[in-house]
Amino acid sequence: MAQKPSIPKGTRDFGPVQLMRRNFIFESIKSVFKNHGYQGIETPAMETLTTLMGKYGEEGDKLIFKILNSGDFAAKIGMDDFVSLLDKENPTLRVSKKMTPQISEKALRYDLTVPFARYIVQHRHETVFPFKRYQIQPVWRADRPQKGRYREFYQCDADVIGSTSLLNEVELIQIIKEVFNSINIRFVIKLNNRKILAGIAETIGQADKIIDITVAIDKLDKIGLEKVNQELINRGLPTDAVSKLQPILHLTGDNLSKLDQLSDVLKDSVTGMKGIAEIRTVLSHCSDLDLEDLVELDLTLARGLNYYTGAIIEVKALDVAMGSICGGGRYDDLTGIFGLPDVSGVGISFGADRIYDILESLDAFPDDALLSTMVLFVNFGDKEITSCLPIASSLRRAGISTEVYPDSAKIKKQMSYANSNSIPFVILAGENELSAGSLTIKNMKEGTQESVPIQQITKYILEQSQ
């Protein structure tokens, strides 16, 4: 019995229609990146395990896909070797920590930011700072598949590294606006600052618990306040510290009002006040650019990644219930772990797969996102098609995507092919048309047709397609 074909859970195939729509998203994002002076790079799908581990917090590290050495390397491990790696009291933990390096030295990349930091360190002598880079490639996470969450998905990153200027944060907010306006998604930009979170931890007397606090409150939207409070207690925070945290998480008013209230609470924290000052500067520039209505200060925003040190950014769609569709932040010393300290960076990442799901659910893809072929020549037979081939070539040289139907099938079948592939123009070049020096062009969308001289075909198509 033949094996039933399948793909791993959390991955997807993309047919021509889906791929054209995805390319519409990629090209829309890339054009905005390039318009702001960002340059593209690519990095390998796999990185060394040591490059990735320890950069994403304890939750993120669990989701890294590890790769077995040389495919069948695990088969070479003897039973005695395996037993020696076990811990009778906690065998699972011992296997995870001690056995993994023995059988796996590489992993699929979890995101594009850490590989970018590694890239910068390796190529620092050929890089001019500040360096504005974009990168559009797939990443992999060993997550539980669900709506809007995949194990293989694309990220579209833009980062500026080698500059501490807050103008970079402002530019990234501009990029977010331009991208989502270009693809017609309504959105809100959530903004916070890691220094503010650190100041809050200091103020409630739990400065050493900053990671535990941020990991927990980052889940507020997913699991609710009660469960977050319980997780904070489970992570070792005293109940009085958790109580002190509550009013801070529920500040009301507009952005400036929240910052004023927060300034009173954090007045004794140098770190916290620095974070507030940074937020004020970013919001001031946003006001100058008429962006302030798009930005909302959200103190629960933590994006539990250990490497963020300043601004934290997250974007939510307004018309579809979906997780973050773009996120990022400031990282002051991510390259330091690879031997290049004191190189600050800031970046954002668009989630192309979630953006696709939103546009699909809203039926918001533009019609031209499905345009692959502009013109189809109907095949009437060998004699006619011989005359059509040079005309088709001239259309392609003019940038008009053109197909010639390969078989002299029934006209109805060829017209059905054009309809199924959303081809807007069909050219009928029969013996009579060719003898007269004019071809019949059928507009499939309008249902009209017109006789056009052969030498004017290119001009006609270009004008009609505008």
# chains A, B, ... in the order shown; residues from 1 in each chain; ligands from 1
>>> residues_around(residues="Asp342 of chain A", least_positions_apart="4", cutoff="9 Å", atoms="only C-alpha atoms", output="PyMOL selection string")
chain A and resi 162+332-336
>>> write_last_selection(atoms="C-alpha atoms", output="mmCIF file, in the first residue's frame")
data_model
loop_
_atom_site.group_PDB
_atom_site.id
_atom_site.type_symbol
_atom_site.label_atom_id
_atom_site.label_comp_id
_atom_site.auth_asym_id
_atom_site.auth_seq_id
_atom_site.Cartn_x
_atom_site.Cartn_y
_atom_site.Cartn_z
ATOM 1 C CA GLY A 162 26.063 50.872 15.532
ATOM 2 C CA ASP A 332 22.547 47.488 23.555
ATOM 3 C CA ASP A 333 25.094 44.692 23.653
ATOM 4 C CA LEU A 334 23.870 41.632 21.783
ATOM 5 C CA THR A 335 27.125 41.519 19.799
ATOM 6 C CA GLY A 336 29.090 41.526 23.078
#
>>> residues_around(residues="Leu266 of chain A", least_positions_apart="4", cutoff="7 Å", atoms="only C-alpha atoms", output="ChimeraX atom specification")
/A:199-200,203,262,272-273
>>> write_last_selection(atoms="N, CA and C atoms", output="short mmCIF file (atom, residue, chain, number, x, y, z; two decimals), in the first residue's frame")
data_model
loop_
_atom_site.label_atom_id
_atom_site.label_comp_id
_atom_site.auth_asym_id
_atom_site.auth_seq_id
_atom_site.Cartn_x
_atom_site.Cartn_y
_atom_site.Cartn_z
N GLY A 199 13.01 49.55 36.27
CA GLY A 199 12.71 50.50 37.34
C GLY A 199 11.55 50.04 38.20
N ILE A 200 10.56 49.43 37.57
CA ILE A 200 9.43 48.89 38.32
C ILE A 200 9.90 47.78 39.26
N THR A 203 11.59 49.34 42.18
CA THR A 203 10.65 50.04 43.05
C THR A 203 9.88 49.09 43.96
N LEU A 262 3.68 57.58 36.08
CA LEU A 262 4.80 56.66 36.25
C LEU A 262 6.03 57.39 36.81
N GLY A 272 14.70 53.60 35.79
CA GLY A 272 13.32 53.80 35.38
C GLY A 272 13.09 55.17 34.78
N MET A 273 13.67 56.21 35.37
CA MET A 273 13.49 57.56 34.87
C MET A 273 14.17 57.75 33.51
#
>>> closest_atom_pairs(of="segment 420-461 of chain A", to="segment 400-409 of chain A", cutoff="10 Å", atoms="only C-alpha atoms", output="tab-separated table")
residue	atom	partner	partner_atom	distance
A:Ile423	CA	A:Thr402	CA	9.4
A:Phe425	CA	A:Thr402	CA	9.6
A:Val426	CA	A:Glu403	CA	9.6
A:Ile427	CA	A:Val404	CA	9.5
A:Thr458	CA	A:Ile400	CA	8.2
A:Ile461	CA	A:Ile400	CA	8.2
>>> residues_around(residues="segment 15-27 of chain A", least_positions_apart="4", cutoff="8 Å", atoms="only C-alpha atoms", output="PyMOL selection string")
chain A and resi 31+136+156+183+352+355-356+365+369-372
>>> write_last_selection(atoms="N, CA and C atoms", output="short mmCIF file (atom, residue, chain, number, x, y, z; two decimals), in the first residue's frame")
data_model
loop_
_atom_site.label_atom_id
_atom_site.label_comp_id
_atom_site.auth_asym_id
_atom_site.auth_seq_id
_atom_site.Cartn_x
_atom_site.Cartn_y
_atom_site.Cartn_z
N SER A 31 9.99 46.96 -0.26
CA SER A 31 10.05 48.27 -0.91
C SER A 31 10.12 49.39 0.13
N ILE A 136 14.83 38.90 4.93
CA ILE A 136 13.54 38.21 4.80
C ILE A 136 13.82 36.74 4.55
N CYS A 156 10.42 39.16 8.52
CA CYS A 156 10.92 40.24 7.67
C CYS A 156 11.50 41.30 8.60
N ILE A 183 -0.52 47.75 2.72
CA ILE A 183 -1.25 46.49 2.55
C ILE A 183 -2.63 46.52 3.21
N ALA A 352 5.26 37.64 8.47
CA ALA A 352 4.59 37.56 7.17
C ALA A 352 3.43 36.57 7.17
N ILE A 355 0.44 38.11 8.89
CA ILE A 355 -0.09 39.15 8.00
C ILE A 355 -0.89 38.51 6.88
N TYR A 356 -0.39 37.42 6.33
CA TYR A 356 -1.11 36.69 5.28
C TYR A 356 -2.47 36.23 5.79
N PHE A 365 -6.67 41.06 -0.04
CA PHE A 365 -5.60 41.07 -1.03
C PHE A 365 -6.05 41.83 -2.27
N ALA A 369 -2.51 41.37 -6.91
CA ALA A 369 -1.61 40.46 -6.20
C ALA A 369 -1.63 39.08 -6.84
N LEU A 370 -2.67 38.79 -7.62
CA LEU A 370 -2.79 37.48 -8.27
C LEU A 370 -2.37 37.52 -9.74
N LEU A 371 -1.89 38.66 -10.20
CA LEU A 371 -1.50 38.77 -11.60
C LEU A 371 -0.12 38.18 -11.81
N SER A 372 -0.10 37.01 -12.44
CA SER A 372 1.17 36.39 -12.79
C SER A 372 1.43 36.60 -14.28
#
>>> atom_distance(atom1="atom CA of Gly430 of chain A", atom2="atom CA of Ala398 of chain A")
23.3 Å
